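One file, work_38.tsv, carrying TSV, C-alpha atoms and all ligand atoms:
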```
chain	number	residue	atom	x	y	z
A	1293	MET	CA	12.15	10.35	-2.53
A	1294	GLU	CA	15.00	11.00	-0.12
A	1295	GLN	CA	17.20	7.97	0.43
A	1296	MET	CA	17.92	7.31	4.11
A	1297	GLN	CA	20.29	4.85	5.66
A	1298	ILE	CA	17.89	1.96	5.40
A	1299	ASP	CA	19.00	-1.62	4.91
A	1300	LEU	CA	16.37	-2.59	2.35
A	1301	LYS	CA	17.50	-6.20	2.15
A	1302	ARG	CA	17.30	-6.61	5.91
A	1303	GLU	CA	13.81	-5.12	6.03
A	1304	GLN	CA	12.64	-7.39	3.19
A	1305	GLN	CA	13.94	-10.37	5.16
A	1306	ALA	CA	12.26	-9.06	8.31
A	1307	ALA	CA	8.97	-8.86	6.41
A	1308	ARG	CA	9.35	-12.44	5.19
A	1309	GLU	CA	9.97	-13.63	8.75
A	1310	ARG	CA	7.25	-11.52	10.38
A	1311	PRO	CA	3.98	-13.37	10.91
A	1312	ARG	CA	1.06	-11.78	9.14
A	1313	TYR	CA	-1.30	-9.60	11.12
A	1314	PRO	CA	-4.23	-11.78	12.25
A	1315	TYR	CA	-6.53	-10.91	9.37
A	1316	SER	CA	-10.22	-10.28	9.92
A	1317	VAL	CA	-12.90	-12.33	8.16
A	1318	VAL	CA	-13.50	-9.49	5.68
A	1319	ALA	CA	-9.81	-9.32	4.79
A	1320	ARG	CA	-9.48	-13.11	4.49
A	1321	VAL	CA	-12.50	-13.30	2.20
A	1322	PHE	CA	-11.04	-10.51	0.06
A	1323	PHE	CA	-7.57	-12.08	-0.21
A	1324	GLY	CA	-9.08	-15.55	-0.79
A	1325	SER	CA	-11.32	-14.19	-3.57
A	1326	MET	CA	-8.34	-12.55	-5.22
A	1327	ASP	CA	-6.33	-15.79	-5.07
A	1328	MET	CA	-9.26	-17.68	-6.59
A	1329	LEU	CA	-9.59	-15.12	-9.39
A	1330	VAL	CA	-5.94	-14.55	-10.32
A	1331	GLY	CA	-4.13	-17.52	-8.72
A	1332	LYS	CA	-2.08	-17.95	-5.55
A	1333	GLU	CA	1.28	-17.29	-7.20
A	1334	THR	CA	2.85	-13.92	-6.37
A	1335	THR	CA	3.54	-12.18	-9.67
A	1336	LEU	CA	4.14	-8.64	-10.93
A	1337	ALA	CA	0.74	-8.75	-12.62
A	1338	LYS	CA	-0.92	-9.62	-9.31
A	1339	ALA	CA	1.00	-6.79	-7.61
A	1340	LYS	CA	-0.29	-4.48	-10.34
A	1341	LEU	CA	-3.84	-5.47	-9.48
A	1342	VAL	CA	-3.11	-4.78	-5.78
A	1343	GLU	CA	-1.79	-1.34	-6.74
A	1344	ILE	CA	-4.87	-0.55	-8.84
A	1345	LEU	CA	-6.95	-1.16	-5.69
A	1346	ALA	CA	-4.54	0.42	-3.18
A	1347	PRO	CA	-5.53	4.12	-3.55
A	1348	VAL	CA	-9.27	3.36	-3.30
A	1349	PRO	CA	-9.71	3.56	0.52
A	1350	TYR	CA	-7.52	6.66	0.84
A	1351	HIS	CA	-9.71	8.37	-1.74
A	1352	ALA	CA	-12.86	7.35	0.19
A	1353	TRP	CA	-11.49	8.78	3.45
A	1354	GLU	CA	-10.38	11.98	1.75
A	1355	ARG	CA	-13.93	12.52	0.44
A	1356	ARG	CA	-15.42	11.70	3.87
A	1357	GLU	CA	-13.15	14.08	5.74
A	1358	ARG	CA	-13.64	16.93	3.26
A	1359	ALA	CA	-17.40	16.57	3.76
A	1360	ARG	CA	-16.98	16.59	7.56
A	1361	VAL	CA	-14.91	19.78	7.42
A	1362	LYS	CA	-17.67	21.47	5.40
A	1363	ARG	CA	-20.27	20.46	7.99
A	1364	HIS	CA	-18.23	21.31	11.11
A	1365	ARG	CA	-16.16	24.37	10.24
A	1366	GLY	CA	-16.61	25.73	13.78
A	1367	ASP	CA	-14.95	22.73	15.41
A	1368	PRO	CA	-11.17	23.31	15.27
A	1369	GLY	CA	-10.36	19.88	16.74
A	1370	LEU	CA	-12.38	18.09	14.09
A	1371	VAL	CA	-11.01	20.27	11.31
A	1372	GLN	CA	-7.45	19.52	12.43
A	1373	GLU	CA	-8.10	15.78	12.65
A	1374	ALA	CA	-9.86	15.73	9.26
A	1375	GLY	CA	-7.05	17.79	7.73
A	1376	ALA	CA	-4.47	15.27	8.93
A	1377	ILE	CA	-6.39	12.42	7.33
A	1378	VAL	CA	-6.86	14.33	4.06
A	1379	LEU	CA	-3.12	15.11	3.91
A	1380	TRP	CA	-2.14	11.53	4.70
A	1381	GLY	CA	-4.69	10.18	2.20
A	1382	ARG	CA	-3.38	12.38	-0.60
A	1383	GLU	CA	0.25	11.45	0.10
A	1384	ALA	CA	-0.59	7.76	0.21
A	1385	GLN	CA	-2.56	7.94	-3.06
A	1386	GLU	CA	0.41	9.62	-4.73
A	1387	ASN	CA	2.77	6.98	-3.33
A	1388	GLU	CA	0.51	4.15	-4.56
A	1389	ARG	CA	0.41	5.82	-8.00
A	1390	TRP	CA	4.21	5.61	-8.07
A	1391	HIS	CA	4.07	1.91	-7.25
A	1392	LEU	CA	1.76	1.33	-10.21
A	1393	LEU	CA	4.02	3.34	-12.55
A	1394	LEU	CA	7.08	1.36	-11.43
A	1395	ILE	CA	5.36	-1.99	-11.97
A	1396	GLU	CA	4.17	-0.92	-15.41
A	1397	LYS	CA	7.74	0.19	-16.23
A	1398	LYS	CA	9.15	-3.19	-15.17
A	1399	ILE	CA	6.51	-5.07	-17.15
A	1400	ARG	CA	7.41	-2.99	-20.24
A	1401	GLU	CA	11.15	-3.61	-19.74
A	1402	ASP	CA	10.47	-7.33	-19.47
A	1403	ALA	CA	8.25	-7.12	-22.58
A	1404	ALA	CA	5.84	-9.28	-20.61
A	1405	GLY	CA	2.23	-9.72	-21.66
A	1406	GLU	CA	-0.54	-9.02	-19.20
A	1407	PRO	CA	-2.97	-11.67	-17.96
A	1408	TRP	CA	-6.69	-11.58	-18.71
A	1409	TYR	CA	-7.60	-10.10	-15.33
A	1410	LEU	CA	-5.77	-6.86	-16.15
A	1411	SER	CA	-7.97	-6.33	-19.22
A	1412	ALA	CA	-11.08	-4.15	-19.07
A	1413	PRO	CA	-13.52	-4.34	-17.45
A	1414	ILE	CA	-12.11	-6.62	-14.68
A	1415	PRO	CA	-9.88	-4.07	-12.86
A	1416	PHE	CA	-12.62	-1.45	-13.20
A	1417	LEU	CA	-15.22	-3.79	-11.69
A	1418	MET	CA	-12.90	-4.81	-8.83
A	1419	ALA	CA	-11.98	-1.22	-8.04
A	1420	GLY	CA	-15.67	-0.28	-8.16
A	1421	SER	CA	-16.64	-3.05	-5.71
A	1422	TYR	CA	-13.77	-2.12	-3.42
A	1423	ALA	CA	-14.76	1.56	-3.59
A	1424	LEU	CA	-18.29	0.66	-2.50
A	1425	LEU	CA	-16.95	-1.42	0.42
A	1426	THR	CA	-14.51	1.25	1.60
A	1427	TRP	CA	-17.02	4.10	1.10
A	1428	THR	CA	-19.63	2.21	3.17
A	1429	MET	CA	-17.15	1.28	5.90
A	1430	ALA	CA	-15.81	4.84	6.09
A	1431	ARG	CA	-19.34	6.06	6.86
A	1432	VAL	CA	-20.31	3.29	9.26
A	1433	ALA	CA	-17.06	2.73	11.18
A	1434	ILE	CA	-14.07	4.81	10.12
A	1435	ARG	CA	-11.65	3.23	12.62
A	1436	ARG	CA	-12.56	-0.24	11.41
A	1437	ALA	CA	-12.19	0.96	7.81
A	1438	ILE	CA	-8.66	2.21	8.51
A	1439	LEU	CA	-7.79	-0.98	10.40
A	1440	LEU	CA	-8.94	-3.01	7.38
A	1441	ASN	CA	-6.56	-0.93	5.28
A	1442	ALA	CA	-3.73	-1.80	7.70
A	1443	GLU	CA	-4.51	-5.46	6.94
A	1444	PHE	CA	-4.34	-4.76	3.20
A	1445	GLU	CA	-1.03	-2.96	3.61
A	1446	ASP	CA	0.39	-5.83	5.68
A	1447	HIS	CA	-0.69	-8.16	2.86
A	1448	ALA	CA	0.93	-5.83	0.29
A	1449	GLU	CA	4.25	-5.70	2.15
A	1450	HIS	CA	4.38	-9.48	2.37
A	1451	THR	CA	3.51	-9.67	-1.34
A	1452	TYR	CA	6.54	-7.53	-2.29
A	1453	ALA	CA	8.86	-9.39	0.10
A	1454	GLN	CA	7.82	-12.65	-1.58
A	1455	LEU	CA	7.96	-11.14	-5.08
A	1456	VAL	CA	11.58	-10.02	-4.68
A	1457	HIS	CA	12.52	-13.36	-3.11
A	1458	GLY	CA	11.02	-15.15	-6.11
A	1459	HIS	CA	13.08	-13.08	-8.59
A	1460	PRO	CA	16.78	-13.40	-7.69
A	1461	GLU	CA	17.62	-12.23	-11.24
A	1462	TRP	CA	16.37	-8.73	-10.28
A	1463	GLU	CA	19.51	-8.32	-8.10
A	1464	ASP	CA	21.57	-7.89	-11.29
A	1465	GLN	CA	19.08	-5.81	-13.25
A	1466	PRO	CA	19.92	-2.08	-13.05
A	1467	ALA	CA	17.01	0.31	-12.60
A	1468	GLU	CA	18.33	3.51	-14.14
A	1469	SER	CA	15.44	4.90	-16.14
A	1470	ALA	CA	14.35	8.51	-15.65
A	1471	LEU	CA	11.11	7.27	-14.09
A	1472	VAL	CA	12.87	5.20	-11.44
A	1473	GLN	CA	15.33	8.04	-10.77
A	1474	LYS	CA	12.39	10.27	-9.87
A	1475	TYR	CA	11.30	7.70	-7.29
A	1476	GLY	CA	14.80	7.23	-5.90
A	1477	SER	CA	18.31	5.96	-6.53
A	1478	PHE	CA	18.61	2.19	-6.42
A	1479	ARG	CA	21.25	-0.41	-7.16
A	1480	SER	CA	18.84	-2.80	-8.85
A	1481	TRP	CA	15.19	-3.61	-9.55
A	1482	ALA	CA	15.31	-5.84	-6.47
A	1483	ASP	CA	15.99	-2.77	-4.31
A	1484	VAL	CA	13.27	-0.76	-6.07
A	1485	PHE	CA	10.66	-3.32	-5.07
A	1486	ARG	CA	12.16	-3.70	-1.59
A	1487	ARG	CA	11.58	0.04	-1.16
A	1488	VAL	CA	8.04	-0.29	-2.50
A	1489	GLY	CA	7.44	-3.04	0.08
A	1490	LEU	CA	8.72	-0.76	2.82
A	1491	ASP	CA	6.38	2.00	1.63
A	1492	GLU	CA	3.57	-0.49	2.27
A	1493	ARG	CA	4.86	-0.95	5.82
A	1494	ASP	CA	4.76	2.84	6.27
A	1495	HIS	CA	1.15	2.82	5.01
A	1496	MET	CA	0.34	-0.02	7.42
A	1497	ASN	CA	1.98	1.75	10.36
A	1498	ASN	CA	0.13	4.99	9.72
A	1499	SER	CA	-3.11	3.05	9.36
A	1500	PHE	CA	-2.56	1.41	12.75
A	1501	VAL	CA	-1.93	4.77	14.37
A	1502	PHE	CA	-4.93	6.50	12.80
A	1503	ALA	CA	-7.08	3.51	13.78
A	1504	GLY	CA	-5.98	3.82	17.41
A	1505	ARG	CA	-3.83	0.67	17.42
A	1506	PRO	CA	-0.26	2.05	17.65
A	1507	GLU	CA	0.90	-1.07	19.48
A	1508	TYR	CA	0.92	-2.88	16.11
A	1509	VAL	CA	3.36	-0.44	14.44
A	1510	VAL	CA	6.35	-2.33	13.03
A	1511	GLU	CA	9.37	-0.11	13.61
A	1512	TYR	CA	12.60	-0.09	11.64
A	1513	GLU	CA	15.81	1.91	11.50
A	1514	GLY	CA	15.29	5.03	9.38
A	1515	MET	CA	11.50	4.95	9.45
A	1516	PRO	CA	9.81	8.30	8.81
A	1517	VAL	CA	8.82	10.36	11.82
A	1518	ALA	CA	5.20	10.56	10.67
A	1519	ALA	CA	4.80	6.78	10.86
A	1520	GLY	CA	3.77	6.06	14.41
A	1521	SER	CA	3.01	9.65	15.39
A	1522	GLY	CA	-0.14	10.71	13.54
A	1523	PRO	CA	-3.46	11.51	15.21
A	1524	GLN	CA	-6.11	8.91	15.89
A	1525	VAL	CA	-9.62	9.18	14.56
A	1526	GLY	CA	-12.66	9.07	16.75
B	1601	FE	FE	1.44	0.15	-3.10
B	1602	FE	FE	0.05	0.78	0.30
```

Translate the structure described by the file into structure tokens.
Ligand SMILES: [Fe+2]
Ligand SMILES: [Fe+2]
Amino acid sequence: MEQMQIDLKREQQAARERPRYPYSVVARVFFGSMDMLVGKETTLAKAKLVEILAPVPYHAWERRERARVKRHRGDPGLVQEAGAIVLWGREAQENERWHLLLIEKKIREDAAGEPWYLSAPIPFLMAGSYALLTWTMARVAIRRAILLNAEFEDHAEHTYAQLVHGHPEWEDQPAESALVQKYGSFRSWADVFRRVGLDERDHMNNSFVFAGRPEYVVEYEGMPVAAGSGPQVG
């Protein structure tokens, strides 16, 4: 990932100070259920669970849009719109996969054990339930489905901002493994997870744009051009 002139510490602080998006009932029930299941404390293990779920909606949209393209090949506007969503969905899934790999790397470096909720079949069951929800929403109301994802991404960014704040020791822990180097060049593990948090903001911003709510995009210095400029879905 190309490193731009982004003040990661400033953006983490901005995320901590930014009020959360006014979550919908569905989102609040989801976050509340997760807190009840795994606890309210923000931990790496909890972030890992979030990352296991994170690619699920993008995968659902990718499948939906591929099916639409097959049905409407003669409609160039629809094919272009669907293609943009497929491309975005694939990029976001890849980015979320990186987040999971980085968390797993940090957990291994810390030689930390994993809590019960990361043992089979719990993550599988949660991802399955979430897949059913996102698949259904994508078919019934795609804009609402994408807006719900924006809420999840807002929640994810705040999770990372809090996680880094709760681990001041990460400031002095170098992140120099080959895996981290492939993701980017960072001074410390604190900066790695600040960047991950900012990725979540990019996901949130793109979700707002695709859902037709660009007024909610949270801008920052050095943000990618794509965030805030993608097409909306009908
Ligand atoms: Fe993520
Ligand atoms: Fe994300």

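Nearest residue to Asp1446 (chain A) among A:Leu1417, A:Ile1377, A:Leu1370, A:Ala1307 is A:Ala1307, counting only C-alpha atoms.
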
_as a VMD selection string, please: every protein or nucleic acid residue near ligand FE 1602 (chain B) (cut-off 10 Å, counting all atoms listed in the file)._
chain A and resid 1342 to 1343 1345 to 1347 1350 1384 to 1385 1387 to 1389 1391 1441 to 1442 1444 to 1449 1488 to 1496 1499

Give me the residues of region 1311-1423 of chain A that have any atom at most 10 Å from an atom of region 1457-1474 of chain A; for each, the nearest atom pair and the distance in Å, rounded to one decimal. Use all atoms listed in the file, sort by chain and number, and format it as JSON lines.
```
{"residue": "A:Thr1334", "atom": "CA", "partner": "A:Gly1458", "partner_atom": "CA", "distance": 8.3}
{"residue": "A:Thr1335", "atom": "CA", "partner": "A:Gly1458", "partner_atom": "CA", "distance": 8.8}
{"residue": "A:Trp1390", "atom": "CA", "partner": "A:Val1472", "partner_atom": "CA", "distance": 9.3}
{"residue": "A:Leu1393", "atom": "CA", "partner": "A:Leu1471", "partner_atom": "CA", "distance": 8.3}
{"residue": "A:Leu1394", "atom": "CA", "partner": "A:Val1472", "partner_atom": "CA", "distance": 6.9}
{"residue": "A:Lys1397", "atom": "CA", "partner": "A:Leu1471", "partner_atom": "CA", "distance": 8.1}
{"residue": "A:Lys1398", "atom": "CA", "partner": "A:Ala1467", "partner_atom": "CA", "distance": 9.0}
```

Q) In terms of the shortest atom-to-atom distance over only C-alpha atoms and all ligand atoms, which of A:Tyr1508, A:Glu1386, A:Val1501, A:Pro1311 is closest to ligand FE 1601 (chain B)? A)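 Using only C-alpha atoms and all ligand atoms, the shortest distance to ligand FE 1601 (chain B) belongs to A:Glu1386.
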
Restricting to all atoms listed in the file, whichever of A:Lys1340, A:Ala1419, A:Phe1500, A:Glu1511 is closest to ligand FE 1601 (chain B) is A:Lys1340

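One finds CA of Val1348 (chain A) at 29.1 Å from CA of Gly1366 (chain A).
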
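When CA of Ser1316 (chain A) is paired with CA of Val1432 (chain A), their separation reads 16.9 Å.
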
Residue with the minimum atom-to-atom distance to Gly1381 (chain A), picked from A:Ile1438, A:Val1330, A:Ile1414, A:Ala1359 with all atoms listed in the file counted, is A:Ile1438

Please rebuild region 1353-1377 of chain A with N, CA and C atoms and return the result as a compact mmCIF listing (two decimals), in the coordinates of the input.
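Output file selection.txt is given in full below:
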```txt
# COMPACT_ATOMS: atom_id res chain seq x y z
N TRP A 1353 -11.64 8.02 2.20
CA TRP A 1353 -11.49 8.78 3.45
C TRP A 1353 -11.34 10.27 3.17
N GLU A 1354 -10.58 10.57 2.10
CA GLU A 1354 -10.38 11.98 1.75
C GLU A 1354 -11.73 12.65 1.49
N ARG A 1355 -12.59 11.96 0.74
CA ARG A 1355 -13.93 12.52 0.44
C ARG A 1355 -14.73 12.68 1.73
N ARG A 1356 -14.67 11.65 2.60
CA ARG A 1356 -15.42 11.70 3.87
C ARG A 1356 -14.97 12.88 4.73
N GLU A 1357 -13.66 13.03 4.85
CA GLU A 1357 -13.15 14.08 5.74
C GLU A 1357 -13.39 15.47 5.18
N ARG A 1358 -13.34 15.62 3.87
CA ARG A 1358 -13.64 16.93 3.26
C ARG A 1358 -15.10 17.31 3.56
N ALA A 1359 -15.99 16.32 3.48
CA ALA A 1359 -17.40 16.57 3.76
C ALA A 1359 -17.60 16.94 5.23
N ARG A 1360 -16.86 16.28 6.13
CA ARG A 1360 -16.98 16.59 7.56
C ARG A 1360 -16.51 18.01 7.85
N VAL A 1361 -15.43 18.42 7.20
CA VAL A 1361 -14.91 19.78 7.42
C VAL A 1361 -15.96 20.80 7.00
N LYS A 1362 -16.63 20.54 5.88
CA LYS A 1362 -17.67 21.47 5.40
C LYS A 1362 -18.79 21.59 6.43
N ARG A 1363 -19.14 20.46 7.05
CA ARG A 1363 -20.27 20.46 7.99
C ARG A 1363 -19.91 21.03 9.35
N HIS A 1364 -18.62 20.95 9.73
CA HIS A 1364 -18.23 21.31 11.11
C HIS A 1364 -17.09 22.34 11.12
N ARG A 1365 -17.23 23.37 10.34
CA ARG A 1365 -16.16 24.37 10.24
C ARG A 1365 -15.84 25.02 11.59
N GLY A 1366 -16.82 25.07 12.49
CA GLY A 1366 -16.61 25.73 13.78
C GLY A 1366 -15.93 24.85 14.82
N ASP A 1367 -15.57 23.66 14.46
CA ASP A 1367 -14.95 22.73 15.41
C ASP A 1367 -13.47 22.55 15.04
N PRO A 1368 -12.58 23.35 15.68
CA PRO A 1368 -11.17 23.31 15.27
C PRO A 1368 -10.52 21.94 15.45
N GLY A 1369 -10.92 21.21 16.51
CA GLY A 1369 -10.36 19.88 16.74
C GLY A 1369 -10.68 18.94 15.59
N LEU A 1370 -11.95 18.97 15.19
CA LEU A 1370 -12.38 18.09 14.09
C LEU A 1370 -11.71 18.49 12.78
N VAL A 1371 -11.62 19.81 12.55
CA VAL A 1371 -11.01 20.27 11.31
C VAL A 1371 -9.54 19.85 11.24
N GLN A 1372 -8.86 19.92 12.39
CA GLN A 1372 -7.45 19.52 12.43
C GLN A 1372 -7.30 18.02 12.17
N GLU A 1373 -8.15 17.24 12.83
CA GLU A 1373 -8.10 15.78 12.65
C GLU A 1373 -8.41 15.41 11.20
N ALA A 1374 -9.48 16.03 10.65
CA ALA A 1374 -9.86 15.73 9.26
C ALA A 1374 -8.75 16.15 8.31
N GLY A 1375 -8.13 17.30 8.60
CA GLY A 1375 -7.05 17.79 7.73
C GLY A 1375 -5.88 16.82 7.71
N ALA A 1376 -5.58 16.23 8.87
CA ALA A 1376 -4.47 15.27 8.93
C ALA A 1376 -4.78 14.04 8.09
N ILE A 1377 -6.02 13.60 8.12
CA ILE A 1377 -6.39 12.42 7.33
C ILE A 1377 -6.37 12.73 5.83
```
